[in-house]
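Visitor: My file is input17.txt. It has compact mmCIF, C-alpha atoms:
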# COMPACT_ATOMS: atom_id res chain seq x y z
CA MET C 18 0.00 0.00 0.00
CA GLU C 19 1.17 3.54 -0.56
CA ILE C 20 3.44 4.71 2.23
CA GLU C 21 1.15 7.17 4.02
CA SER C 22 -1.83 4.84 3.94
CA ALA C 23 0.26 1.84 4.94
CA MET C 24 1.52 3.80 7.96
CA GLU C 25 -2.02 4.72 8.86
CA ILE C 26 -3.13 1.07 8.69
CA ARG C 27 -0.07 0.00 10.72
CA ARG C 28 -0.79 2.64 13.34
CA LYS C 29 -4.37 1.50 13.65
CA GLY C 30 -3.39 -2.14 13.24
CA ARG C 31 -6.63 -2.48 11.37
CA LEU C 32 -8.05 -2.16 7.88
CA THR C 33 -11.78 -1.40 7.91
CA VAL C 34 -13.77 -2.17 4.77
CA ALA C 35 -17.50 -1.47 4.48
CA VAL C 36 -19.43 -3.70 2.08
CA SER C 37 -23.05 -3.52 0.93
CA ALA C 38 -25.45 -6.09 -0.61
CA LEU C 39 -25.30 -8.77 2.08
CA ASN C 40 -28.68 -10.11 0.98
CA ALA C 41 -29.03 -13.68 -0.28
CA VAL C 42 -32.41 -14.17 -1.92
CA ASP C 43 -32.78 -16.03 -5.21
CA ASN C 44 -31.07 -13.05 -6.80
CA PRO C 45 -28.26 -12.87 -4.24
CA GLY C 46 -26.16 -9.81 -3.56
CA PRO C 47 -22.41 -9.84 -4.11
CA GLY C 48 -21.60 -8.66 -0.57
CA VAL C 49 -20.92 -12.00 1.11
CA PRO C 50 -18.61 -13.34 -1.65
CA VAL C 51 -16.81 -9.98 -1.66
CA VAL C 52 -16.20 -10.39 2.08
CA ARG C 53 -15.02 -13.98 1.59
CA SER C 54 -12.55 -12.77 -1.04
CA LEU C 55 -11.22 -10.04 1.27
CA ARG C 56 -10.92 -12.43 4.23
CA GLU C 57 -8.81 -14.76 2.08
CA ALA C 58 -6.70 -11.95 0.64
CA PHE C 59 -5.79 -10.44 4.00
CA ALA C 60 -5.75 -13.60 6.13
CA ASP C 61 -2.00 -13.33 6.74
CA ALA C 62 -1.78 -9.53 6.72
CA PRO C 63 0.06 -7.81 9.60
CA PHE C 64 -3.14 -5.94 10.46
CA LYS C 65 -6.65 -6.99 11.38
CA LEU C 66 -9.30 -6.84 8.69
CA ARG C 67 -12.57 -5.46 10.02
CA ILE C 68 -15.64 -5.85 7.82
CA ILE C 69 -18.62 -3.53 8.20
CA GLY C 70 -21.88 -4.67 6.61
CA LEU C 71 -24.12 -1.97 5.15
CA CYS C 72 -27.71 -3.22 4.90
CA TYR C 73 -31.15 -2.03 3.88
CA GLY C 74 -33.10 -4.56 5.94
CA SER C 75 -32.78 -6.63 9.09
CA LEU C 76 -33.18 -9.94 7.25
CA GLU C 77 -30.05 -9.67 5.15
CA PRO C 78 -28.12 -12.83 6.11
CA GLY C 79 -24.77 -11.06 6.23
CA VAL C 80 -25.93 -9.26 9.40
CA TYR C 81 -25.84 -12.62 11.20
CA MET C 82 -22.66 -14.05 9.63
CA HIS C 83 -20.34 -13.16 12.47
CA ASP C 84 -17.44 -15.20 11.14
CA LEU C 85 -17.39 -12.90 8.11
CA VAL C 86 -18.91 -9.60 9.20
CA ASP C 87 -17.78 -7.77 12.35
CA ALA C 88 -20.51 -5.15 12.57
CA SER C 89 -23.58 -4.23 10.54
CA TYR C 90 -25.50 -0.99 10.07
CA GLN C 91 -28.81 -0.36 8.42
CA LEU C 92 -28.86 2.50 5.91
CA PRO C 93 -31.83 4.47 4.61
CA TYR C 94 -32.52 3.85 0.93
CA PRO C 95 -30.58 6.39 -1.15
CA SER C 96 -33.90 7.31 -2.79
CA ASN C 97 -35.05 8.70 0.59
CA GLY C 98 -32.63 11.60 0.19
CA GLU C 99 -28.93 12.10 -0.33
CA GLU C 100 -28.35 13.94 2.95
CA ALA C 101 -30.01 11.29 5.10
CA PHE C 102 -27.95 8.64 3.32
CA PHE C 103 -24.70 10.59 3.69
CA ASN C 104 -25.35 11.42 7.33
CA ARG C 105 -25.91 7.78 8.15
CA LEU C 106 -22.63 6.89 6.45
CA LEU C 107 -20.94 9.62 8.49
CA TYR C 108 -22.36 8.07 11.65
CA VAL C 109 -21.01 4.63 10.67
CA ASP C 110 -17.65 6.18 9.82
CA GLN C 111 -17.45 7.97 13.17
CA LYS C 112 -18.05 4.69 14.97
CA GLU C 113 -15.93 2.44 12.77
CA GLY C 114 -13.43 4.56 10.84
CA ILE C 115 -14.11 3.23 7.37
CA ASP C 116 -11.00 3.01 5.19
CA VAL C 117 -12.62 1.65 2.03
CA LEU C 118 -16.26 1.29 1.01
CA ILE C 119 -17.30 -1.21 -1.69
CA PRO C 120 -20.88 -0.66 -2.88
CA ASN C 121 -22.35 -3.66 -4.67
CA LEU C 122 -25.89 -2.73 -5.70
CA ASP C 123 -26.79 -1.13 -9.03
CA ALA C 124 -29.28 1.26 -7.46
CA GLU C 125 -26.82 2.70 -4.92
CA LEU C 126 -23.96 3.29 -7.33
CA TYR C 127 -25.29 6.55 -8.71
CA PRO C 128 -25.68 8.08 -5.22
CA TYR C 129 -22.21 6.87 -4.29
CA ILE C 130 -20.74 8.43 -7.45
CA LYS C 131 -22.37 11.72 -6.47
CA LEU C 132 -21.05 11.43 -2.91
CA GLN C 133 -17.59 10.19 -3.82
CA LYS C 134 -15.78 13.46 -3.15
CA ARG C 135 -17.60 14.13 0.13
CA LEU C 136 -16.79 10.61 1.26
CA ALA C 137 -13.14 11.07 0.29
CA ASP C 138 -13.06 14.28 2.33
CA VAL C 139 -13.86 12.30 5.48
CA GLY C 140 -11.35 9.57 4.58
CA ILE C 141 -13.69 6.98 3.03
CA ARG C 142 -12.06 5.63 -0.13
CA THR C 143 -14.18 4.29 -2.98
CA LEU C 144 -13.34 2.99 -6.43
CA LEU C 145 -16.16 3.87 -8.79
CA PRO C 146 -16.82 4.50 -12.47
CA THR C 147 -17.47 8.10 -13.45
CA GLN C 148 -21.05 9.24 -13.85
CA GLU C 149 -20.53 9.32 -17.62
CA GLN C 150 -19.23 5.75 -17.65
CA PHE C 151 -22.06 4.60 -15.39
CA GLU C 152 -24.70 6.11 -17.68
CA GLU C 153 -23.05 4.92 -20.87
CA ARG C 154 -23.62 1.25 -19.97
CA GLU C 155 -27.23 1.67 -18.86
CA LYS C 156 -29.60 -0.81 -20.45
CA SER C 157 -31.24 2.06 -22.31
CA ARG C 158 -27.93 2.92 -24.05
CA LEU C 159 -26.61 -0.56 -24.64
CA CYS C 160 -26.96 -0.41 -28.45
CA SER C 161 -24.73 2.64 -28.79
CA LEU C 162 -22.24 1.14 -26.33
CA GLY C 163 -22.16 -2.06 -28.40
CA ASN C 164 -21.46 -0.04 -31.55
CA LYS C 165 -18.70 1.89 -29.81
CA CYS C 166 -17.03 -1.28 -28.54
CA GLY C 167 -17.61 -3.38 -31.65
CA ILE C 168 -19.72 -5.90 -29.74
CA LYS C 169 -23.03 -7.16 -31.10
CA VAL C 170 -26.13 -6.19 -29.11
CA PRO C 171 -29.71 -7.42 -29.66
CA LEU C 172 -32.22 -4.83 -30.85
CA SER C 173 -33.45 -2.85 -27.81
CA ILE C 174 -35.81 0.07 -27.35
CA VAL C 175 -36.41 2.26 -24.32
CA CYS C 176 -40.05 2.89 -23.49
CA ASN C 177 -41.54 5.36 -21.05
CA SER C 178 -45.01 4.15 -21.95
CA LEU C 179 -46.61 1.19 -23.69
CA ASN C 180 -47.48 3.47 -26.60
CA GLU C 181 -43.78 3.80 -27.33
CA PHE C 182 -43.56 0.02 -27.54
CA TYR C 183 -46.66 -0.24 -29.75
CA ALA C 184 -45.06 2.24 -32.17
CA LYS C 185 -42.05 -0.04 -32.68
CA GLU C 186 -43.57 -3.45 -32.05
CA GLN C 187 -43.18 -4.43 -35.72
CA LEU C 188 -39.38 -4.28 -35.36
CA PHE C 189 -39.44 -7.31 -33.05
CA GLN C 190 -40.13 -10.99 -33.41
CA TYR C 191 -41.66 -12.64 -30.36
CA PRO C 192 -40.46 -13.60 -27.83
CA VAL C 193 -38.96 -10.39 -26.46
CA VAL C 194 -37.41 -9.58 -23.07
CA VAL C 195 -39.02 -6.88 -20.92
CA LYS C 196 -36.49 -5.35 -18.52
CA GLY C 197 -36.55 -2.87 -15.67
CA ARG C 198 -33.99 -0.09 -15.63
CA TYR C 199 -32.10 -1.65 -12.73
CA TYR C 200 -33.72 -4.95 -11.87
CA GLU C 201 -35.95 -7.72 -13.20
CA ALA C 202 -36.33 -9.10 -16.69
CA TYR C 203 -39.03 -11.34 -18.14
CA ILE C 204 -39.49 -13.13 -21.46
CA ALA C 205 -42.78 -12.20 -23.12
CA TYR C 206 -44.20 -14.34 -25.90
CA THR C 207 -47.17 -12.14 -26.82
CA LYS C 208 -48.18 -8.50 -26.84
CA LEU C 209 -50.45 -9.19 -23.88
CA GLN C 210 -47.52 -10.57 -21.88
CA VAL C 211 -45.45 -7.49 -22.74
CA GLU C 212 -48.27 -5.30 -21.38
CA GLU C 213 -48.49 -7.35 -18.16
CA ARG C 214 -44.75 -7.36 -17.53
CA PHE C 215 -44.41 -3.71 -18.47
CA SER C 216 -46.98 -2.71 -15.85
CA GLN C 217 -45.53 -5.08 -13.25
CA ILE C 218 -41.98 -3.74 -13.57
CA ALA C 219 -43.07 -0.10 -13.96
CA MET C 220 -45.07 -0.29 -10.72
CA LYS C 221 -42.10 -1.70 -8.82
CA TRP C 222 -39.11 0.09 -10.32
CA GLY C 223 -40.59 2.88 -12.44
CA VAL C 224 -39.89 3.71 -16.07
CA PRO C 225 -38.18 3.54 -18.49
CA ILE C 226 -38.70 -0.07 -19.40
CA ILE C 227 -36.42 -1.71 -21.95
CA VAL C 228 -37.80 -4.10 -24.54
CA GLN C 229 -35.07 -6.25 -26.06
CA GLN C 230 -35.17 -8.89 -28.78
CA PHE C 231 -34.91 -12.32 -27.15
CA VAL C 232 -31.75 -14.17 -28.20
CA ASP C 233 -31.67 -17.93 -27.84
CA GLY C 234 -28.38 -19.54 -26.86
CA VAL C 235 -25.96 -20.31 -24.05
CA GLU C 236 -25.30 -17.69 -21.37
CA PHE C 237 -21.78 -16.54 -20.54
CA ASN C 238 -20.67 -13.83 -18.12
CA VAL C 239 -17.32 -12.07 -17.93
CA ILE C 240 -16.14 -10.38 -14.75
CA GLY C 241 -13.50 -7.69 -15.09
CA ASN C 242 -11.75 -4.81 -13.40
CA GLY C 243 -10.77 -1.71 -15.36
CA ASP C 244 -7.94 0.64 -14.39
CA GLY C 245 -9.76 3.79 -15.55
CA LYS C 246 -7.22 4.37 -18.32
CA GLY C 247 -8.33 1.68 -20.76
CA GLY C 248 -6.38 -1.17 -19.15
CA LEU C 249 -7.71 -4.43 -17.79
CA LEU C 250 -6.54 -5.53 -14.33
CA ALA C 251 -8.49 -8.77 -14.12
CA THR C 252 -10.89 -10.80 -16.20
CA VAL C 253 -12.47 -14.23 -15.88
CA PRO C 254 -15.14 -15.63 -18.24
CA MET C 255 -17.76 -18.06 -16.92
CA ARG C 256 -20.40 -20.24 -18.54
CA LYS C 257 -23.67 -20.52 -16.64
CA MET C 258 -24.36 -24.20 -15.99
CA PHE C 259 -27.57 -23.95 -13.98
CA ILE C 260 -29.92 -21.00 -14.27
CA THR C 261 -32.76 -20.13 -11.91
CA ASP C 262 -36.15 -18.96 -13.12
CA LYS C 263 -34.87 -15.44 -12.43
CA GLY C 264 -32.08 -16.04 -14.91
CA LYS C 265 -29.38 -16.11 -12.24
CA ALA C 266 -26.48 -18.56 -12.39
CA TRP C 267 -26.72 -21.15 -9.62
CA ALA C 268 -23.72 -23.05 -10.97
CA GLY C 269 -21.02 -21.99 -13.39
CA ILE C 270 -17.61 -22.89 -14.74
CA THR C 271 -14.61 -20.83 -15.83
CA VAL C 272 -13.85 -21.26 -19.53
CA GLU C 273 -10.94 -20.53 -21.82
CA ASP C 274 -12.36 -18.39 -24.60
CA ASN C 275 -10.17 -15.60 -25.92
CA GLU C 276 -13.13 -14.03 -27.71
CA LEU C 277 -14.78 -13.30 -24.36
CA ILE C 278 -11.57 -11.81 -22.99
CA ARG C 279 -11.18 -9.64 -26.10
CA MET C 280 -14.69 -8.30 -25.42
CA ALA C 281 -13.72 -7.31 -21.90
CA GLU C 282 -10.63 -5.61 -23.34
CA LYS C 283 -12.69 -3.75 -25.96
CA PHE C 284 -15.10 -2.59 -23.26
CA VAL C 285 -12.41 -1.10 -21.01
CA ASN C 286 -10.42 0.25 -23.96
CA GLN C 287 -13.40 2.15 -25.30
CA THR C 288 -14.97 3.31 -22.02
CA HIS C 289 -11.85 3.62 -19.81
CA TRP C 290 -13.97 1.89 -17.21
CA ASN C 291 -12.78 2.39 -13.64
CA GLY C 292 -13.40 -0.51 -11.26
CA PRO C 293 -15.27 -3.79 -11.42
CA PHE C 294 -17.85 -4.72 -14.04
CA GLU C 295 -19.64 -7.69 -15.52
CA LEU C 296 -20.56 -8.36 -19.16
CA GLU C 297 -23.57 -10.61 -19.72
CA LEU C 298 -23.51 -12.35 -23.09
CA ILE C 299 -25.44 -14.96 -25.03
CA LYS C 300 -23.70 -17.25 -27.47
CA THR C 301 -26.30 -17.79 -30.17
CA ASN C 302 -26.98 -21.30 -31.41
CA GLY C 303 -26.13 -20.47 -35.01
CA THR C 304 -29.29 -21.97 -36.49
CA ASN C 305 -30.95 -21.13 -39.85
CA GLY C 306 -27.59 -20.83 -41.55
CA LEU C 307 -26.46 -17.99 -39.26
CA PRO C 308 -23.04 -18.32 -37.59
CA SER C 309 -22.89 -18.74 -33.83
CA ASP C 310 -21.77 -15.50 -32.18
CA TYR C 311 -21.77 -13.59 -28.91
CA GLN C 312 -24.33 -10.89 -28.24
CA LEU C 313 -24.05 -8.51 -25.31
CA ILE C 314 -27.30 -8.30 -23.36
CA GLU C 315 -26.22 -6.30 -20.31
CA VAL C 316 -23.29 -4.57 -18.61
CA ASN C 317 -23.37 -4.47 -14.81
CA PRO C 318 -21.38 -1.60 -13.28
CA ARG C 319 -20.27 -3.52 -10.22
CA ILE C 320 -19.02 -6.83 -8.85
CA PRO C 321 -21.37 -9.74 -9.68
CA ALA C 322 -22.54 -12.28 -7.08
CA TRP C 323 -20.30 -15.00 -8.56
CA VAL C 324 -17.13 -12.99 -7.83
CA TYR C 325 -15.83 -15.67 -5.47
CA LEU C 326 -15.41 -18.02 -8.45
CA ALA C 327 -12.97 -15.52 -9.96
CA THR C 328 -11.16 -15.37 -6.61
CA ALA C 329 -10.95 -19.17 -6.48
CA ALA C 330 -9.71 -19.20 -10.09
CA GLY C 331 -6.84 -16.87 -9.13
CA GLN C 332 -8.08 -13.31 -9.65
CA ASN C 333 -9.15 -11.57 -6.45
CA ILE C 334 -10.97 -8.46 -7.64
CA PRO C 335 -12.17 -7.24 -4.20
CA MET C 336 -8.53 -7.27 -3.06
CA GLN C 337 -7.55 -5.28 -6.14
CA ILE C 338 -10.25 -2.73 -5.33
CA VAL C 339 -8.92 -2.22 -1.80
CA LYS C 340 -5.35 -1.90 -3.04
CA ARG C 341 -6.30 0.57 -5.75
CA ALA C 342 -8.42 2.58 -3.32
CA PHE C 343 -5.21 3.09 -1.35
CA GLY C 344 -3.41 4.18 -4.50
CA GLU C 345 -1.37 1.02 -4.78
CA ASN C 346 -0.41 -0.05 -8.29
CA VAL C 347 -2.14 -3.20 -9.53
CA GLU C 348 -0.52 -4.85 -12.54
CA LYS C 349 -2.54 -5.20 -15.73
CA VAL C 350 -3.57 -8.77 -16.44
CA ASP C 351 -1.61 -10.40 -19.26
CA THR C 352 -4.44 -11.59 -21.48
CA HIS C 353 -2.04 -13.47 -23.74
CA LYS C 354 -1.20 -15.83 -20.89
CA GLN C 355 -3.45 -18.10 -18.87
CA SER C 356 -4.09 -15.85 -15.87
CA TYR C 357 -6.81 -17.90 -14.16
CA THR C 358 -7.69 -21.56 -13.65
CA VAL C 359 -9.94 -22.96 -16.36
CA GLY C 360 -12.55 -25.55 -15.35
CA LYS C 361 -13.08 -24.16 -11.84
CA MET C 362 -16.74 -24.40 -10.88
CA PHE C 363 -19.09 -22.88 -8.36
CA VAL C 364 -22.25 -24.60 -7.17
CA ARG C 365 -24.40 -22.26 -5.11
CA TYR C 366 -26.54 -23.47 -2.23
CA SER C 367 -28.77 -22.04 0.45
CA TRP C 368 -28.18 -22.54 4.15
CA ASP C 369 -30.58 -21.89 7.00
CA MET C 370 -28.80 -19.95 9.73
CA ILE C 371 -30.37 -20.19 13.16
CA VAL C 372 -30.68 -16.80 14.82
CA ASP C 373 -32.08 -15.86 18.19
CA TYR C 374 -35.00 -13.46 17.92
CA SER C 375 -33.31 -11.06 20.33
CA GLU C 376 -30.50 -10.45 17.84
CA TYR C 377 -32.99 -9.85 15.06
CA GLY C 378 -34.97 -7.58 17.38
CA HIS C 379 -31.88 -5.63 18.41
CA PHE C 380 -30.88 -4.97 14.81
CA SER C 381 -34.44 -4.09 13.83
CA VAL C 382 -34.77 -1.51 16.60
CA LYS C 383 -31.24 -0.11 16.77
CA GLY C 384 -30.30 -0.49 13.11
CA GLU C 385 -26.85 -1.74 14.06
CA SER C 386 -25.14 -4.72 15.63
CA GLN C 387 -21.67 -5.80 16.65
CA LYS C 388 -20.09 -9.22 16.79
CA THR C 389 -20.27 -10.19 20.44
CA ASN C 390 -17.36 -12.58 21.09
CA MET D 6 -8.75 -35.82 -37.23
CA LYS D 7 -7.52 -34.96 -33.75
CA ILE D 8 -8.93 -33.79 -30.42
CA ILE D 9 -8.89 -30.01 -30.11
CA LYS D 10 -6.71 -28.67 -27.30
CA GLY D 11 -8.72 -28.30 -24.11
CA CYS D 12 -11.11 -31.17 -24.92
CA GLN D 13 -9.21 -34.17 -23.52
CA PRO D 14 -11.47 -36.66 -21.70
CA ASN D 15 -10.29 -38.05 -18.38
CA GLN D 16 -9.85 -41.78 -17.74
CA GLU D 17 -13.36 -42.07 -16.33
CA GLY D 18 -14.88 -40.81 -19.55
CA PHE D 19 -15.73 -37.26 -18.51
CA LEU D 20 -15.03 -34.61 -21.11
CA LEU D 21 -15.10 -30.88 -20.46
CA ASN D 22 -14.73 -28.50 -23.37
CA MET D 23 -12.57 -25.84 -21.70
CA LYS D 24 -13.57 -23.21 -24.25
CA THR D 25 -17.33 -23.58 -24.16
CA GLY D 26 -17.79 -25.06 -20.67
CA GLU D 27 -19.92 -27.83 -22.17
CA SER D 28 -19.42 -31.25 -20.56
CA PHE D 29 -20.12 -34.81 -21.70
CA SER D 30 -20.16 -38.28 -20.15
CA LEU D 31 -18.64 -40.77 -22.59
CA ASN D 32 -19.39 -44.47 -22.74
CA ALA D 33 -16.53 -46.95 -23.17
CA VAL D 34 -16.74 -46.97 -26.97
CA ALA D 35 -16.74 -43.17 -27.24
CA LEU D 36 -13.80 -43.06 -24.84
CA ASP D 37 -11.91 -45.53 -27.09
CA VAL D 38 -12.57 -43.32 -30.11
CA LEU D 39 -11.38 -40.16 -28.37
CA SER D 40 -8.36 -41.87 -26.80
CA PHE D 41 -7.33 -42.94 -30.31
CA LEU D 42 -7.82 -39.39 -31.59
CA LYS D 43 -5.38 -37.94 -29.07
CA GLU D 44 -2.99 -38.40 -32.00
CA GLU D 45 -3.77 -37.21 -35.52
CA HIS D 46 -5.53 -39.95 -37.55
CA THR D 47 -7.61 -40.21 -40.68
CA GLU D 48 -11.20 -41.44 -40.60
CA GLU D 49 -9.98 -44.63 -42.30
CA GLU D 50 -7.35 -45.23 -39.59
CA LEU D 51 -10.03 -44.76 -36.94
CA PHE D 52 -12.24 -47.25 -38.79
CA ASP D 53 -9.42 -49.83 -38.88
CA PHE D 54 -8.67 -49.29 -35.20
CA MET D 55 -12.28 -49.82 -34.15
CA ARG D 56 -12.77 -52.81 -36.47
CA ASN D 57 -9.74 -54.50 -34.87
CA HIS D 58 -11.04 -53.87 -31.34
CA TYR D 59 -14.75 -54.70 -31.71
CA GLU D 60 -16.76 -57.46 -33.28
CA VAL D 61 -18.98 -55.36 -35.45
CA ASP D 62 -20.57 -55.31 -38.87
CA GLU D 63 -18.41 -53.07 -41.04
CA THR D 64 -21.32 -51.23 -42.60
CA VAL D 65 -22.79 -50.45 -39.22
CA LEU D 66 -19.40 -49.38 -37.86
CA ARG D 67 -18.74 -47.05 -40.80
CA ALA D 68 -22.16 -45.43 -40.43
CA ASP D 69 -21.89 -45.06 -36.64
CA LEU D 70 -18.38 -43.62 -36.83
CA SER D 71 -19.45 -41.18 -39.48
CA ASP D 72 -22.35 -39.96 -37.30
CA PHE D 73 -20.19 -39.79 -34.19
CA CYS D 74 -17.35 -37.92 -35.86
CA PHE D 75 -19.85 -35.45 -37.32
CA LEU D 76 -21.19 -34.84 -33.80
CA LEU D 77 -17.67 -34.42 -32.39
CA LYS D 78 -16.87 -31.85 -35.08
CA GLN D 79 -20.15 -30.05 -34.53
CA LYS D 80 -19.40 -29.82 -30.80
CA LYS D 81 -15.88 -28.62 -31.64
CA ILE D 82 -14.24 -31.52 -29.82
CA ILE D 83 -12.22 -32.75 -32.82
CA GLU D 84 -10.95 -30.98 -35.90
Let me see the file written as structure tokens.
Guide:
Amino acid sequence: MEIESAMEIRRKGRLTVAVSALNAVDNPGPGVPVVRSLREAFADAPFKLRIIGLCYGSLEPGVYMHDLVDASYQLPYPSNGEEAFFNRLLYVDQKEGIDVLIPNLDAELYPYIKLQKRLADVGIRTLLPTQEQFEEREKSRLCSLGNKCGIKVPLSIVCNSLNEFYAKEQLFQYPVVVKGRYYEAYIAYTKLQVEERFSQIAMKWGVPIIVQQFVDGVEFNVIGNGDGKGGLLATVPMRKMFITDKGKAWAGITVEDNELIRMAEKFVNQTHWNGPFELELIKTNGTNGLPSDYQLIEVNPRIPAWVYLATAAGQNIPMQIVKRAFGENVEKVDTHKQSYTVGKMFVRYSWDMIVDYSEYGHFSVKGESQKTN
Amino acid sequence: MKIIKGCQPNQEGFLLNMKTGESFSLNAVALDVLSFLKEEHTEEELFDFMRNHYEVDETVLRADLSDFCFLLKQKKIIE
């Protein structure tokens, strides 16, 4: 770590990292695997790693995972107001002395980008894309991003009302995918289903809604970490082996496909992306005489929930984030060499933790909890 | 014909295509075919190898090998 920061950590004997998205529903947050990656990275460090969980509800499992998380704090939703959100972070910082904060939810990234300087002023380091980068990869702008990067993207339109979809319906062949701006996506096989899903998502997440041509094929994801100057610090491609009805990978395997790595390179070269990201791609089946190819269906501006697979395959992106937040140089990944283990798999499972109601009650009332032993 | 790099089956007959992540369980005959194709061979050499190892009607063998090799090429396991 850079000298001044390293001295500060040595003086404190502690590195404090705050991590969000400790939820684990059927669309699990990346928080817990981020913490696992950090625990492994700093297991033999000459300082103590203290993990602070930042939660939006008292039933996020990370709150009760005391072997991973040292203390947890509930935050107000950023949509409730920037000042309330910032003040709560200040409170957590005063109690814990946060060195680095790693936000892991799409919806909180924009507020964190806006607050980045104010957070830095109180000593909370973050590693985030710029607002321009963040907006450039939004689902509503994916087509132009694909053109810029030379990556194929399925036809997509952005609709603030169903009338906007009706006006362009003839451009599509059913089925199509109806997507919320941040969350949720459903396949619709008829106009009626588009209308139902449109209303369902709009009521929950608001507009715009994105309607995208459905692409049939095999799903691949690529995790990466950009240096903000067009360089790639890490990248691992993964094939989804088991997919839930929400479209989330419940098992996956690292693969050796240079085409996927080139796509990650093109993305960071063209956007100068700063920090972690995930490309979601479909490899088409190549039927009807068409060649099989990759089509980009989404770019996530953060660490994905399967990040621990990349860690296990040899590329610890959460560790890189902490190092870079301290200004330490992280070497670019040599994409012409095998930089990760191919054939490494993850198989996700759920686990029922047993929690005493008093602990749940304490966190619900106080909005914070500390590991007790 | 030869197995593409990254598609070697293990001794138990499990094959993972390292590029695509697709996996296959091979029966003993398929494993024999792919073990033979670890080295470069023609389709005729493969035919001779299988005919010498199995009691099989030659017409059936030729047809089955043709189908199987087509599948292996389609799945990008051999080239």
Visitor: Could you pull the residues within 10 Å of Met258 of chain C, counting all atoms listed in the file, minus those fewer than 5 positions along the same chain, as a ChimeraX atom specification?
Guide: /C:235-237,266-270,362-364 /D:26-28
Visitor: Please return as a VMD selection string every residue within 12 Å of (-46.4, -3.1, -17.8), taking into account all atoms listed in the file and the file's own coordinates.
Guide: chain C and resid 176 to 180 182 195 to 197 202 to 203 205 208 to 228
Visitor: Those residues with C-alpha atoms, as an mmCIF file, keeping the file's coordinate frame please?
Guide:
data_model
loop_
_atom_site.group_PDB
_atom_site.id
_atom_site.type_symbol
_atom_site.label_atom_id
_atom_site.label_comp_id
_atom_site.auth_asym_id
_atom_site.auth_seq_id
_atom_site.Cartn_x
_atom_site.Cartn_y
_atom_site.Cartn_z
ATOM 1 C CA CYS C 176 -40.050 2.890 -23.490
ATOM 2 C CA ASN C 177 -41.540 5.360 -21.050
ATOM 3 C CA SER C 178 -45.010 4.150 -21.950
ATOM 4 C CA LEU C 179 -46.610 1.190 -23.690
ATOM 5 C CA ASN C 180 -47.480 3.470 -26.600
ATOM 6 C CA PHE C 182 -43.560 0.020 -27.540
ATOM 7 C CA VAL C 195 -39.020 -6.880 -20.920
ATOM 8 C CA LYS C 196 -36.490 -5.350 -18.520
ATOM 9 C CA GLY C 197 -36.550 -2.870 -15.670
ATOM 10 C CA ALA C 202 -36.330 -9.100 -16.690
ATOM 11 C CA TYR C 203 -39.030 -11.340 -18.140
ATOM 12 C CA ALA C 205 -42.780 -12.200 -23.120
ATOM 13 C CA LYS C 208 -48.180 -8.500 -26.840
ATOM 14 C CA LEU C 209 -50.450 -9.190 -23.880
ATOM 15 C CA GLN C 210 -47.520 -10.570 -21.880
ATOM 16 C CA VAL C 211 -45.450 -7.490 -22.740
ATOM 17 C CA GLU C 212 -48.270 -5.300 -21.380
ATOM 18 C CA GLU C 213 -48.490 -7.350 -18.160
ATOM 19 C CA ARG C 214 -44.750 -7.360 -17.530
ATOM 20 C CA PHE C 215 -44.410 -3.710 -18.470
ATOM 21 C CA SER C 216 -46.980 -2.710 -15.850
ATOM 22 C CA GLN C 217 -45.530 -5.080 -13.250
ATOM 23 C CA ILE C 218 -41.980 -3.740 -13.570
ATOM 24 C CA ALA C 219 -43.070 -0.100 -13.960
ATOM 25 C CA MET C 220 -45.070 -0.290 -10.720
ATOM 26 C CA LYS C 221 -42.100 -1.700 -8.820
ATOM 27 C CA TRP C 222 -39.110 0.090 -10.320
ATOM 28 C CA GLY C 223 -40.590 2.880 -12.440
ATOM 29 C CA VAL C 224 -39.890 3.710 -16.070
ATOM 30 C CA PRO C 225 -38.180 3.540 -18.490
ATOM 31 C CA ILE C 226 -38.700 -0.070 -19.400
ATOM 32 C CA ILE C 227 -36.420 -1.710 -21.950
ATOM 33 C CA VAL C 228 -37.800 -4.100 -24.540
#
Visitor: Each residue of chain D with at least one atom at most 9 Å from chain C should appear once, together with its nearest atom pair and the corresponding distance in Å (one decimal); atoms considered: all atoms listed in the file; ordering: chain, then increasing residue number; output as JSON lines.
Guide:
{"residue": "D:Gly11", "atom": "CA", "partner": "C:Glu273", "partner_atom": "CA", "distance": 8.4}
{"residue": "D:Leu21", "atom": "CA", "partner": "C:Gly360", "partner_atom": "CA", "distance": 7.8}
{"residue": "D:Asn22", "atom": "CA", "partner": "C:Val272", "partner_atom": "CA", "distance": 8.2}
{"residue": "D:Met23", "atom": "CA", "partner": "C:Val272", "partner_atom": "CA", "distance": 5.2}
{"residue": "D:Lys24", "atom": "CA", "partner": "C:Glu273", "partner_atom": "CA", "distance": 4.5}
{"residue": "D:Thr25", "atom": "CA", "partner": "C:Val272", "partner_atom": "CA", "distance": 6.2}
{"residue": "D:Gly26", "atom": "CA", "partner": "C:Val272", "partner_atom": "CA", "distance": 5.6}
{"residue": "D:Glu27", "atom": "CA", "partner": "C:Arg256", "partner_atom": "CA", "distance": 8.4}
Visitor: Measure the distance from atom CA of Thr301 of chain C to atom CA of Lys169 of chain C in Å and round it to one decimal.
Guide: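 Distance between the two atoms: 11.2 Å.
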Visitor: My list of candidates is D:Leu20, D:Met6, D:Val61, D:Leu76. Which is closest to Leu36 of chain D when distances are computed with only C-alpha atoms?
Guide: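 Closest to Leu36 of chain D, using only C-alpha atoms: D:Leu20.
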Visitor: Quick one: distance from atom CA of Ile115 of chain C to atom CA of Leu39 of chain C in Å, one decimal?
Guide: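 For atom CA of Ile115 of chain C relative to atom CA of Leu39 of chain C, the distance reads 17.2 Å.
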